[in-house]
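So this one's run-v1.txt, compact mmCIF, C-alpha atoms:
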```txt
# COMPACT_ATOMS: atom_id res chain seq x y z
CA MET A 1 -34.45 -79.13 60.91
CA GLU A 2 -33.90 -82.88 60.79
CA GLN A 3 -30.40 -84.10 59.98
CA LEU A 4 -30.34 -85.99 56.68
CA ARG A 5 -28.93 -89.51 56.81
CA GLU A 6 -26.24 -90.71 54.44
CA GLN A 7 -27.27 -93.54 52.08
CA SER A 8 -30.95 -92.80 52.79
CA ILE A 9 -33.30 -91.95 49.90
CA TYR A 10 -35.47 -88.81 49.88
CA THR A 11 -37.78 -87.22 47.34
CA GLY A 12 -37.43 -83.59 46.30
CA THR A 13 -37.72 -81.11 43.42
CA ALA A 14 -34.77 -79.35 41.79
CA GLU A 15 -35.20 -75.58 41.95
CA GLY A 16 -32.00 -74.29 40.35
CA TYR A 17 -28.28 -74.86 39.90
CA SER A 18 -25.10 -74.41 41.90
CA SER A 19 -22.09 -72.47 40.63
CA GLU A 20 -20.66 -75.79 39.42
CA GLY A 21 -23.87 -76.76 37.58
CA ALA A 22 -25.26 -79.32 40.03
CA GLY A 23 -28.99 -79.26 40.67
CA ILE A 24 -30.13 -77.69 43.95
CA VAL A 25 -32.80 -79.59 45.88
CA ARG A 26 -34.06 -78.59 49.34
CA ILE A 27 -34.90 -81.57 51.51
CA GLU A 28 -36.19 -81.01 55.04
CA GLY A 29 -34.59 -77.57 55.12
CA THR A 30 -31.18 -78.72 53.84
CA VAL A 31 -29.69 -77.73 50.48
CA VAL A 32 -28.66 -80.85 48.59
CA PHE A 33 -26.39 -80.62 45.54
CA VAL A 34 -27.35 -83.23 42.94
CA PRO A 35 -25.24 -83.57 39.77
CA GLY A 36 -27.36 -84.22 36.70
CA ALA A 37 -30.61 -82.85 38.15
CA VAL A 38 -32.62 -80.46 35.95
CA ARG A 39 -34.66 -77.57 37.31
CA GLY A 40 -38.31 -78.53 37.87
CA GLU A 41 -37.72 -82.28 38.09
CA THR A 42 -39.03 -84.34 41.01
CA LEU A 43 -36.41 -86.90 41.96
CA ASP A 44 -35.62 -89.72 44.33
CA ILE A 45 -32.19 -88.85 45.73
CA LYS A 46 -29.72 -90.90 47.72
CA ILE A 47 -27.71 -88.79 50.16
CA THR A 48 -24.01 -89.53 49.61
CA ARG A 49 -22.50 -86.99 51.98
CA VAL A 50 -23.77 -84.77 54.79
CA MET A 51 -21.81 -81.60 55.49
CA LYS A 52 -22.24 -78.85 58.07
CA ASN A 53 -24.60 -76.63 56.05
CA ALA A 54 -25.47 -78.74 53.00
CA ALA A 55 -25.45 -82.24 51.59
CA ALA A 56 -24.57 -84.04 48.36
CA GLY A 57 -26.72 -86.61 46.64
CA GLU A 58 -27.15 -88.69 43.52
CA ILE A 59 -30.21 -89.42 41.42
CA VAL A 60 -31.85 -92.79 42.06
CA LYS A 61 -34.99 -92.16 40.00
CA ILE A 62 -36.44 -89.27 37.97
CA ARG A 63 -40.14 -89.19 38.86
CA THR A 64 -41.12 -86.26 36.62
CA PRO A 65 -38.47 -85.41 33.99
CA SER A 66 -38.09 -81.82 32.79
CA PRO A 67 -38.87 -81.01 29.13
CA GLU A 68 -35.45 -79.28 29.18
CA ARG A 69 -33.63 -82.58 29.84
CA ALA A 70 -31.53 -83.66 26.84
CA VAL A 71 -29.57 -86.74 25.83
CA PRO A 72 -25.84 -85.86 25.98
CA GLU A 73 -24.17 -86.01 22.57
CA CYS A 74 -20.75 -86.67 24.11
CA PRO A 75 -20.00 -90.32 25.00
CA TYR A 76 -17.58 -89.14 27.72
CA PHE A 77 -20.10 -86.96 29.55
CA GLY A 78 -20.15 -87.88 33.22
CA ARG A 79 -16.64 -89.34 33.10
CA CYS A 80 -14.62 -86.43 31.73
CA GLY A 81 -14.82 -83.37 33.97
CA GLY A 82 -14.85 -80.82 31.16
CA CYS A 83 -18.58 -80.28 30.54
CA THR A 84 -21.46 -79.78 32.97
CA PHE A 85 -24.58 -78.97 30.96
CA GLN A 86 -24.81 -81.50 28.13
CA HIS A 87 -27.83 -83.10 29.82
CA VAL A 88 -29.99 -79.96 29.39
CA SER A 89 -31.20 -77.85 26.47
CA TYR A 90 -29.07 -74.86 25.51
CA ALA A 91 -31.89 -72.52 26.57
CA GLU A 92 -31.85 -74.05 30.06
CA GLU A 93 -28.06 -73.76 30.24
CA LEU A 94 -28.32 -70.04 29.40
CA TRP A 95 -31.00 -69.56 32.07
CA ALA A 96 -28.75 -71.18 34.68
CA LYS A 97 -25.79 -68.98 33.79
CA GLU A 98 -27.77 -65.75 33.67
CA GLN A 99 -29.32 -66.58 37.05
CA ARG A 100 -25.89 -67.25 38.51
CA VAL A 101 -24.69 -63.79 37.44
CA LYS A 102 -27.83 -62.13 38.82
CA ASP A 103 -27.49 -63.93 42.15
CA ALA A 104 -23.79 -63.06 42.51
CA LEU A 105 -24.29 -59.36 41.81
CA ARG A 106 -27.26 -59.13 44.14
CA ARG A 107 -26.28 -61.43 47.02
CA ILE A 108 -22.49 -61.05 47.04
CA GLY A 109 -22.16 -57.62 45.43
CA GLY A 110 -25.15 -56.01 47.11
CA SER A 111 -25.90 -54.39 43.76
CA GLY A 112 -29.28 -53.54 42.35
CA VAL A 113 -27.98 -53.44 38.77
CA SER A 114 -30.27 -55.09 36.26
CA VAL A 115 -28.57 -57.81 34.19
CA GLU A 116 -29.54 -57.10 30.59
CA GLY A 117 -29.64 -60.79 29.68
CA ILE A 118 -27.18 -63.36 28.42
CA LEU A 119 -25.72 -63.42 24.91
CA GLY A 120 -25.66 -67.04 23.79
CA ALA A 121 -23.37 -68.63 21.23
CA LYS A 122 -24.48 -69.28 17.66
CA ASN A 123 -22.17 -72.31 17.62
CA PRO A 124 -22.12 -74.10 21.00
CA LEU A 125 -19.95 -76.96 19.68
CA ARG A 126 -16.33 -77.12 18.46
CA TYR A 127 -15.70 -73.56 19.58
CA ARG A 128 -12.40 -73.83 21.50
CA ASN A 129 -9.37 -72.40 19.73
CA LYS A 130 -6.98 -73.53 22.50
CA SER A 131 -6.81 -77.10 23.77
CA GLN A 132 -4.66 -78.49 26.59
CA TYR A 133 -4.64 -82.28 26.76
CA PRO A 134 -3.00 -83.80 29.87
CA VAL A 135 -0.99 -86.98 29.41
CA GLY A 136 -1.64 -89.71 31.96
CA ALA A 137 1.06 -91.83 33.59
CA ASP A 138 -0.05 -94.75 31.37
CA GLY A 139 0.28 -92.72 28.15
CA THR A 140 -3.43 -91.86 27.96
CA ILE A 141 -4.20 -88.49 26.35
CA GLY A 142 -7.52 -86.81 27.10
CA PHE A 143 -8.96 -84.75 29.95
CA PHE A 144 -9.12 -84.99 33.71
CA GLN A 145 -11.98 -86.70 35.45
CA ALA A 146 -13.92 -84.24 37.62
CA ARG A 147 -12.02 -83.21 40.79
CA THR A 148 -9.16 -85.60 40.06
CA HIS A 149 -5.96 -85.78 38.05
CA LYS A 150 -6.97 -89.10 36.53
CA VAL A 151 -6.85 -88.74 32.75
CA VAL A 152 -9.86 -90.02 30.80
CA ALA A 153 -8.87 -91.06 27.28
CA VAL A 154 -10.75 -88.84 24.81
CA ASP A 155 -10.47 -89.26 21.04
CA ARG A 156 -13.12 -86.73 20.06
CA CYS A 157 -14.22 -83.79 22.20
CA LEU A 158 -17.28 -81.86 21.04
CA ILE A 159 -16.07 -78.48 22.33
CA GLN A 160 -12.50 -78.72 20.98
CA SER A 161 -11.68 -78.16 17.33
CA GLU A 162 -11.32 -81.24 15.13
CA VAL A 163 -7.79 -80.08 14.27
CA SER A 164 -6.85 -80.14 17.96
CA ASP A 165 -8.29 -83.62 18.42
CA ARG A 166 -6.37 -84.91 15.39
CA THR A 167 -3.15 -83.31 16.62
CA ALA A 168 -3.48 -84.85 20.09
CA GLY A 169 -4.16 -88.21 18.45
CA ALA A 170 -1.04 -87.84 16.32
CA VAL A 171 1.10 -87.15 19.39
CA ARG A 172 -0.39 -90.20 21.11
CA ASP A 173 0.44 -92.37 18.07
CA TRP A 174 4.01 -90.97 18.00
CA MET A 175 4.42 -91.74 21.70
CA HIS A 176 3.24 -95.33 21.25
CA ARG A 177 5.28 -95.89 18.10
CA TYR A 178 8.56 -94.73 19.62
CA LYS A 179 7.86 -95.61 23.26
CA ILE A 180 8.07 -92.01 24.51
CA ALA A 181 7.71 -92.04 28.30
CA PRO A 182 4.65 -90.23 29.70
CA TYR A 183 5.08 -88.06 32.79
CA ASP A 184 3.99 -89.58 36.09
CA GLU A 185 2.80 -86.69 38.25
CA ALA A 186 2.84 -88.77 41.46
CA ARG A 187 6.47 -89.84 41.01
CA GLY A 188 7.76 -86.74 39.20
CA LYS A 189 9.27 -89.04 36.56
CA GLY A 190 8.79 -89.45 32.82
CA LEU A 191 8.80 -87.01 29.93
CA LEU A 192 5.58 -85.94 28.18
CA ARG A 193 3.18 -83.88 30.33
CA HIS A 194 0.70 -82.06 28.05
CA VAL A 195 -0.24 -81.57 24.42
CA TYR A 196 -1.21 -77.95 23.73
CA VAL A 197 -2.84 -76.83 20.47
CA ARG A 198 -3.93 -73.39 19.23
CA VAL A 199 -6.14 -73.10 16.13
CA ASN A 200 -7.09 -69.95 14.19
CA GLN A 201 -10.12 -69.01 12.13
CA GLN A 202 -8.49 -70.35 8.95
CA GLY A 203 -7.89 -73.78 10.52
CA GLN A 204 -4.14 -73.30 10.90
CA SER A 205 -2.67 -74.66 14.12
CA LEU A 206 0.30 -74.39 16.46
CA CYS A 207 1.30 -77.49 18.41
CA CYS A 208 3.22 -77.31 21.68
CA ILE A 209 4.58 -80.35 23.51
CA VAL A 210 5.07 -79.80 27.25
CA ALA A 211 7.90 -81.99 28.49
CA ASN A 212 9.83 -82.71 31.66
CA GLY A 213 13.11 -82.12 29.81
CA ARG A 214 14.85 -79.92 27.24
CA GLN A 215 14.37 -82.29 24.34
CA VAL A 216 12.29 -85.26 23.29
CA PRO A 217 13.39 -88.27 21.23
CA ARG A 218 12.44 -88.56 17.57
CA GLU A 219 11.64 -84.89 17.03
CA PRO A 220 11.57 -85.10 13.17
CA GLU A 221 9.14 -88.01 13.46
CA LEU A 222 6.98 -86.00 15.88
CA VAL A 223 6.74 -83.19 13.33
CA ALA A 224 5.85 -85.67 10.59
CA PHE A 225 3.08 -87.26 12.67
CA VAL A 226 1.59 -83.87 13.57
CA ARG A 227 1.75 -82.45 10.03
CA SER A 228 0.22 -85.60 8.59
CA ALA A 229 -2.76 -85.32 10.96
CA ALA A 230 -3.05 -81.52 10.68
CA PRO A 231 -1.57 -80.33 7.35
CA LYS A 232 -2.16 -76.65 8.20
CA THR A 233 0.15 -76.82 11.22
CA VAL A 234 2.45 -73.76 11.17
CA GLY A 235 4.81 -74.79 13.96
CA VAL A 236 5.74 -77.39 16.56
CA VAL A 237 7.15 -76.00 19.81
CA LEU A 238 8.68 -77.66 22.86
CA ASN A 239 7.89 -76.19 26.28
CA VAL A 240 10.22 -77.21 29.10
CA ASN A 241 8.46 -77.77 32.43
CA THR A 242 10.53 -79.56 35.08
CA ARG A 243 8.45 -78.27 38.00
CA LYS A 244 6.94 -80.79 40.41
CA ASP A 245 3.57 -79.02 40.69
CA ASN A 246 0.55 -79.07 38.37
CA VAL A 247 1.23 -75.79 36.54
CA ILE A 248 0.88 -76.64 32.84
CA LEU A 249 3.51 -74.45 31.14
CA GLY A 250 7.13 -73.90 32.09
CA ASP A 251 9.13 -70.77 31.25
CA SER A 252 11.40 -72.10 28.50
CA TYR A 253 10.47 -72.65 24.84
CA ARG A 254 12.25 -74.08 21.81
CA THR A 255 10.86 -74.23 18.29
CA ILE A 256 11.27 -77.74 16.90
CA TRP A 257 9.87 -76.89 13.46
CA GLY A 258 8.21 -73.93 11.74
CA GLN A 259 7.20 -70.83 13.66
CA ASP A 260 6.55 -70.20 17.36
CA HIS A 261 3.31 -68.25 16.94
CA LEU A 262 -0.04 -68.23 15.20
CA MET A 263 -1.94 -65.29 13.68
CA ASP A 264 -5.69 -64.87 14.15
CA THR A 265 -8.31 -62.25 13.30
CA LEU A 266 -10.53 -60.82 16.04
CA CYS A 267 -12.81 -57.77 15.84
CA GLY A 268 -11.29 -56.88 12.46
CA LEU A 269 -7.74 -56.89 13.87
CA GLU A 270 -4.95 -59.44 13.44
CA PHE A 271 -3.26 -60.83 16.54
CA ARG A 272 0.05 -62.65 17.00
CA LEU A 273 -0.39 -65.48 19.50
CA SER A 274 2.57 -67.22 21.10
CA VAL A 275 1.95 -70.24 23.33
CA PRO A 276 1.74 -68.45 26.74
CA SER A 277 -0.25 -65.46 25.50
CA PHE A 278 -3.76 -65.05 26.90
CA TYR A 279 -6.45 -65.13 24.22
CA GLN A 280 -10.13 -65.89 24.64
CA VAL A 281 -10.78 -69.52 23.70
CA ASN A 282 -14.03 -68.79 21.83
CA ARG A 283 -13.26 -66.35 19.02
CA GLU A 284 -16.87 -65.67 17.94
CA GLN A 285 -18.07 -65.01 21.49
CA ALA A 286 -14.93 -62.98 22.27
CA GLU A 287 -16.04 -60.54 19.58
CA VAL A 288 -19.43 -60.29 21.30
CA LEU A 289 -17.74 -59.79 24.68
CA TYR A 290 -15.29 -57.12 23.48
CA ASP A 291 -17.97 -55.24 21.56
CA LYS A 292 -19.89 -54.97 24.83
CA ALA A 293 -16.78 -53.88 26.74
CA VAL A 294 -16.12 -51.11 24.21
CA GLU A 295 -19.79 -50.09 24.29
CA PHE A 296 -19.72 -49.90 28.09
CA ALA A 297 -16.48 -47.86 27.98
CA ASP A 298 -18.39 -45.12 26.09
CA LEU A 299 -15.24 -43.43 24.71
CA ASP A 300 -15.47 -40.17 22.75
CA GLY A 301 -12.32 -40.38 20.60
CA GLN A 302 -10.22 -38.12 22.84
CA ASP A 303 -10.24 -40.13 26.08
CA THR A 304 -7.36 -41.98 27.70
CA ALA A 305 -8.16 -45.63 28.52
CA LEU A 306 -6.10 -47.93 30.75
CA ASP A 307 -6.46 -51.69 30.21
CA LEU A 308 -5.22 -53.92 33.05
CA TYR A 309 -4.56 -57.63 32.41
CA CYS A 310 -4.26 -56.75 28.73
CA GLY A 311 -2.80 -60.07 27.52
CA THR A 312 -1.81 -59.74 23.87
CA GLY A 313 -3.59 -56.37 23.66
CA THR A 314 -6.95 -57.54 22.35
CA ILE A 315 -9.16 -55.21 24.41
CA THR A 316 -6.52 -52.44 24.40
CA LEU A 317 -6.43 -52.28 20.60
CA CYS A 318 -10.23 -52.40 20.39
CA LEU A 319 -10.35 -49.45 22.83
CA ALA A 320 -7.65 -47.58 20.89
CA ARG A 321 -9.93 -47.28 17.86
CA ARG A 322 -12.33 -45.24 20.00
CA ALA A 323 -9.84 -43.45 22.30
CA GLY A 324 -7.23 -40.74 22.05
CA ARG A 325 -4.74 -42.94 23.92
CA ALA A 326 -4.86 -46.52 25.19
CA ILE A 327 -2.42 -48.10 27.64
CA GLY A 328 -2.18 -51.82 28.36
CA ALA A 329 -0.46 -53.59 31.26
CA GLU A 330 0.25 -57.30 31.64
CA ILE A 331 2.60 -59.40 33.81
CA VAL A 332 3.55 -61.99 31.12
CA PRO A 333 6.55 -60.71 29.08
CA PRO A 334 5.84 -62.74 25.89
CA ALA A 335 2.28 -61.40 25.90
CA ILE A 336 3.56 -57.81 26.04
CA GLN A 337 5.92 -58.55 23.16
CA ASP A 338 2.97 -59.90 21.20
CA ALA A 339 0.89 -56.85 22.14
CA TRP A 340 3.49 -54.43 20.72
CA GLU A 341 3.77 -56.54 17.59
CA ASN A 342 -0.03 -56.62 17.25
CA ALA A 343 -0.18 -52.82 17.49
CA ARG A 344 2.48 -52.43 14.78
CA HIS A 345 0.90 -55.07 12.58
CA ASN A 346 -2.49 -53.33 12.75
CA HIS A 347 -0.96 -49.85 12.29
CA ILE A 348 -2.34 -48.59 15.60
CA ASP A 349 0.02 -45.98 17.05
CA ASN A 350 -2.00 -44.44 19.90
CA VAL A 351 -1.25 -47.35 22.24
CA GLU A 352 1.52 -48.30 24.62
CA PHE A 353 2.18 -51.41 26.68
CA PHE A 354 4.30 -52.20 29.70
CA CYS A 355 5.02 -55.30 31.74
CA ALA A 356 3.83 -55.22 35.36
CA ASP A 357 1.24 -56.89 37.53
CA ALA A 358 -2.06 -55.06 37.82
CA ALA A 359 -1.45 -53.60 41.29
CA ASP A 360 1.98 -52.19 40.33
CA ALA A 361 0.64 -50.94 37.00
CA ALA A 362 -2.27 -49.11 38.61
CA ALA A 363 -0.03 -47.65 41.32
CA ARG A 364 2.50 -46.54 38.68
CA MET A 365 -0.18 -44.77 36.65
CA GLU A 366 -1.51 -43.12 39.79
CA SER A 367 1.98 -41.93 40.84
CA GLN A 368 2.53 -40.44 37.38
CA GLY A 369 -0.65 -38.44 37.76
CA LEU A 370 -2.35 -40.30 34.93
CA ARG A 371 -6.09 -39.73 34.97
CA PRO A 372 -7.68 -42.12 32.47
CA ARG A 373 -11.34 -41.51 31.85
CA VAL A 374 -11.91 -45.27 31.60
CA VAL A 375 -10.14 -48.25 33.17
CA THR A 376 -10.90 -51.75 31.92
CA VAL A 377 -9.97 -54.91 33.82
CA ASP A 378 -10.11 -58.53 32.67
CA PRO A 379 -8.57 -60.46 35.59
CA PRO A 380 -8.19 -64.22 36.06
CA ARG A 381 -10.80 -66.21 37.97
CA LYS A 382 -9.53 -65.05 41.39
CA GLY A 383 -10.61 -61.49 40.56
CA LEU A 384 -8.91 -58.27 41.65
CA ALA A 385 -6.67 -57.77 44.66
CA PRO A 386 -7.98 -55.00 46.96
CA ALA A 387 -4.82 -52.99 46.18
CA VAL A 388 -5.73 -52.97 42.47
CA ILE A 389 -9.21 -51.64 43.18
CA ALA A 390 -7.82 -49.00 45.53
CA SER A 391 -5.27 -47.85 42.93
CA VAL A 392 -7.89 -47.74 40.18
CA ALA A 393 -10.17 -45.68 42.43
CA ALA A 394 -7.28 -43.35 43.30
CA MET A 395 -6.96 -42.45 39.59
CA ALA A 396 -10.64 -41.44 39.75
CA PRO A 397 -11.73 -42.62 36.29
CA GLU A 398 -15.30 -41.73 35.35
CA ARG A 399 -16.00 -45.40 34.78
CA ALA A 400 -14.47 -48.84 35.16
CA VAL A 401 -15.41 -51.68 32.84
CA TYR A 402 -15.00 -55.07 34.51
CA VAL A 403 -14.79 -58.19 32.32
CA SER A 404 -15.15 -61.21 34.59
CA CYS A 405 -14.95 -64.99 34.18
CA ASP A 406 -16.22 -65.71 37.71
CA PRO A 407 -19.49 -64.23 39.01
CA ALA A 408 -18.58 -64.78 42.68
CA THR A 409 -15.33 -62.79 42.59
CA LEU A 410 -17.04 -60.22 40.38
CA GLY A 411 -19.75 -59.73 43.01
CA ARG A 412 -17.12 -59.40 45.73
CA ASP A 413 -15.18 -56.79 43.74
CA VAL A 414 -18.29 -54.82 42.77
CA LYS A 415 -19.00 -54.46 46.48
CA ILE A 416 -15.44 -53.22 47.14
CA PHE A 417 -15.71 -50.74 44.25
CA GLY A 418 -18.91 -49.52 45.90
CA GLY A 419 -16.89 -48.54 48.96
CA PHE A 420 -14.87 -46.20 46.72
CA GLY A 421 -17.96 -44.56 45.28
CA TYR A 422 -18.44 -46.68 42.14
CA GLU A 423 -21.86 -48.05 41.28
CA ALA A 424 -22.65 -50.83 38.81
CA VAL A 425 -25.03 -49.33 36.24
CA ARG A 426 -25.01 -51.91 33.44
CA ALA A 427 -24.32 -55.64 33.29
CA VAL A 428 -24.62 -58.35 30.68
CA ALA A 429 -23.63 -62.02 30.67
CA VAL A 430 -21.89 -63.67 27.70
CA ASP A 431 -21.76 -67.43 27.21
CA MET A 432 -18.13 -67.90 26.25
CA PHE A 433 -17.97 -71.57 27.28
CA PRO A 434 -21.06 -73.54 26.14
CA GLY A 435 -21.47 -76.92 27.79
CA THR A 436 -19.49 -75.91 30.88
CA ALA A 437 -20.52 -74.10 34.07
CA HIS A 438 -18.36 -71.05 33.27
CA VAL A 439 -19.80 -67.71 32.18
CA GLU A 440 -18.35 -64.28 31.34
CA THR A 441 -19.86 -60.98 32.48
CA VAL A 442 -19.27 -57.34 31.53
CA VAL A 443 -20.14 -54.69 34.12
CA SER A 444 -19.97 -50.90 33.82
CA LEU A 445 -19.14 -49.13 37.08
CA VAL A 446 -19.64 -45.37 37.22
CA ARG A 447 -18.09 -43.01 39.79
CA LYS A 448 -20.93 -41.49 41.79
CA THR A 449 -18.93 -39.78 44.56
CA SER A 450 -15.47 -38.23 44.80
```

Turn this file's structure into structure tokens for me.
Amino acid sequence: MEQLREQSIYTGTAEGYSSEGAGIVRIEGTVVFVPGAVRGETLDIKITRVMKNAAAGEIVKIRTPSPERAVPECPYFGRCGGCTFQHVSYAEELWAKEQRVKDALRRIGGSGVSVEGILGAKNPLRYRNKSQYPVGADGTIGFFQARTHKVVAVDRCLIQSEVSDRTAGAVRDWMHRYKIAPYDEARGKGLLRHVYVRVNQQGQSLCCIVANGRQVPREPELVAFVRSAAPKTVGVVLNVNTRKDNVILGDSYRTIWGQDHLMDTLCGLEFRLSVPSFYQVNREQAEVLYDKAVEFADLDGQDTALDLYCGTGTITLCLARRAGRAIGAEIVPPAIQDAWENARHNHIDNVEFFCADAADAAARMESQGLRPRVVTVDPPRKGLAPAVIASVAAMAPERAVYVSCDPATLGRDVKIFGGFGYEAVRAVAVDMFPGTAHVETVVSLVRKTS
């Protein structure tokens, strides 16, 4: 295999996509990752970097364009790092995501489960109900450039809600009007770090200002700017984050005006959402995802179900309508408070929640002799710790339902579950994040051996 040369130009055909959405082209036996390439296209590619087992390249010329190539609607595409697939048709984006899930389950998970397809979004634009806009050291508000912390100024993002964009714009105008100092991440100086907005189905919104301090100047004026831009704002909250790292939210909150939470309807239930509470960012697709999770759980009305990483209790309460008893565990205290409130508000009394990380929660249930028939997990992108899987297996549920936002860690964990006698029997992908490289998956694992 000949070593590719940097800055040299080669010709090749894109055959698929990487986990980050770059086109994959094989040139002289080497895998080359080419951003912007579309499957089936023949391209002239300049090699920009040669690594040990792969290379990176950029398109010099498209010799035979794919019929699936599209003109990006977003003027920031290619500069902002938020979206990956605006240069392809939505059908091609769904193919790429479904293939990624299939590859991860087969190659990483060693599973022969058949992926039942991918459930696409009816509305692939303006779907995000939570927006987090970083503030640059120069006062710019927008989103990070890919693989950097350089903020690209964005006035209108096609996957955020219009209410969120208007709110971020109002905060920017307030900053400029009253010379509010932006936070400089490199120096650890300045005040305003992020603008955070939640929006519900009715168009109401909750605005949170993340600041490197316990107060900001001109708070009444801030409220006036925000309410003028977004009249259905229900509250403006200050989050205090004086940490020197890049974690977005600190631990302290103060309500500047209105209320500190937002209500939203999901799967026929109403949920109370405070700023730190986990809630799926695409409400319509979350209903699709949770319906599949409940279907895969296959509860009979008398079963006990344990839901790890329960957040504000969304999946737990959906399970409770089909179970005899549902238990949710979550490490974020405000989320557990919201979960209890959500249960009371929806008059669901066969649930309970407690605050613990997933490993401790599973071990606690096991030590108490709890034998849930079904355990559901919806972990963050890093997946499950081996101790969590071991504790789940020790409770010997008939099935585990795994909701995943990262196919690679899902494949890894499916393989570990296999070592405890659990086999993946059903899987389906759900496009929760149109335009981006991310994809959700629901997998049903059934205990085959004791």

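Pairwise distance (CA of Asn200 (chain A), CA of Asp264 (chain A)) equals 5.3 Å.
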
For Ile336 (chain A), find every residue with an atom within 9 Å (counting all atoms listed in the file), except residues of its own chain fewer than 6 positions away, and show them as a compact mmCIF listing (two decimals) with C-alpha atoms, in the frame of the given file.
```
# COMPACT_ATOMS: atom_id res chain seq x y z
CA SER A 277 -0.25 -65.46 25.50
CA CYS A 310 -4.26 -56.75 28.73
CA GLY A 311 -2.80 -60.07 27.52
CA THR A 312 -1.81 -59.74 23.87
CA GLY A 313 -3.59 -56.37 23.66
CA GLY A 328 -2.18 -51.82 28.36
CA ALA A 329 -0.46 -53.59 31.26
CA GLU A 330 0.25 -57.30 31.64
CA PHE A 353 2.18 -51.41 26.68
CA PHE A 354 4.30 -52.20 29.70
CA CYS A 355 5.02 -55.30 31.74
```

Open item on the list: So the first atom is CA of Thr376 (chain A) and the second is CA of Ala335 (chain A); what is the distance between them in Å, to one decimal place?
Closed with: 17.4 Å

- [ ] Rank A:Glu295, A:Asp184, A:Glu162, A:Glu366 by their smallest atom-to-atom distance to Asn246 (chain A), using only C-alpha atoms, and report the top residue only.
- [x] A:Asp184

Fewer than 3 positions away in the same chain doesn't count, so skip those; otherwise give me all residues within 6 Å of region 409-413 of chain A, counting all atoms listed in the file, as a JSON list (two decimals) with C-alpha atoms, keeping the file's coordinate frame.
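Just written: part27.json:
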```
[["chain", "number", "residue", "atom", "x", "y", "z"],
["A", 104, "ALA", "CA", -23.79, -63.06, 42.51],
["A", 105, "LEU", "CA", -24.29, -59.36, 41.81],
["A", 108, "ILE", "CA", -22.49, -61.05, 47.04],
["A", 109, "GLY", "CA", -22.16, -57.62, 45.43],
["A", 383, "GLY", "CA", -10.61, -61.49, 40.56],
["A", 406, "ASP", "CA", -16.22, -65.71, 37.71],
["A", 416, "ILE", "CA", -15.44, -53.22, 47.14]]
```

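Closest approach to Tyr309 (chain A) from the set A:Asp245, A:Glu398, A:Asp378, A:Glu284 is made by A:Asp378, with distances taken over only C-alpha atoms.
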
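Of the listed residues A:Asp300, A:Asp173, A:Glu92, A:Asp251, the one whose atoms come nearest to Phe225 (chain A) is A:Asp173, with distances taken using all atoms listed in the file.
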
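The closest residue to Pro276 (chain A), picked from A:Asp303, A:Asp260, A:Glu423, A:Asp360 and counting all atoms listed in the file, is A:Asp260.
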
- [ ] Please provide as an NGL selection string all residues within 7 Å of Val240 (chain A), with the sequence filter that same-chain residues fewer than 3 positions apart are discarded (counting all atoms listed in the file).
- [x] :A and (210-214 or 250-253)

- [ ] For Ala359 (chain A), please output as an NGL selection string all residues within 9 Å (counting only C-alpha atoms; exclusion window: fewer than 5 positions along the same chain).
- [x] :A and (364 or 384-392)

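Here CA of Cys74 (chain A) stands at a distance of 14.4 Å from CA of Gly36 (chain A).
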
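Summary of the local environment: counting all atoms listed in the file, residues at most 6 Å from region 439-448 of chain A, other than itself and those fewer than 5 positions away along its chain, are Phe296, Glu398, Arg399, Ala400, Val401, Tyr402, Val403, Ser404, Cys405, Gly421, Tyr422, Glu423, Ala424, Val425, Arg426, Ala427, Val428, Ala429, Val430 and Asp431 of chain A.
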
Task: Among the residues A:Arg39, A:Lys244, A:Arg107, A:Arg381, the one that comes closest to Arg187 (chain A) [using only C-alpha atoms] - done: A:Lys244
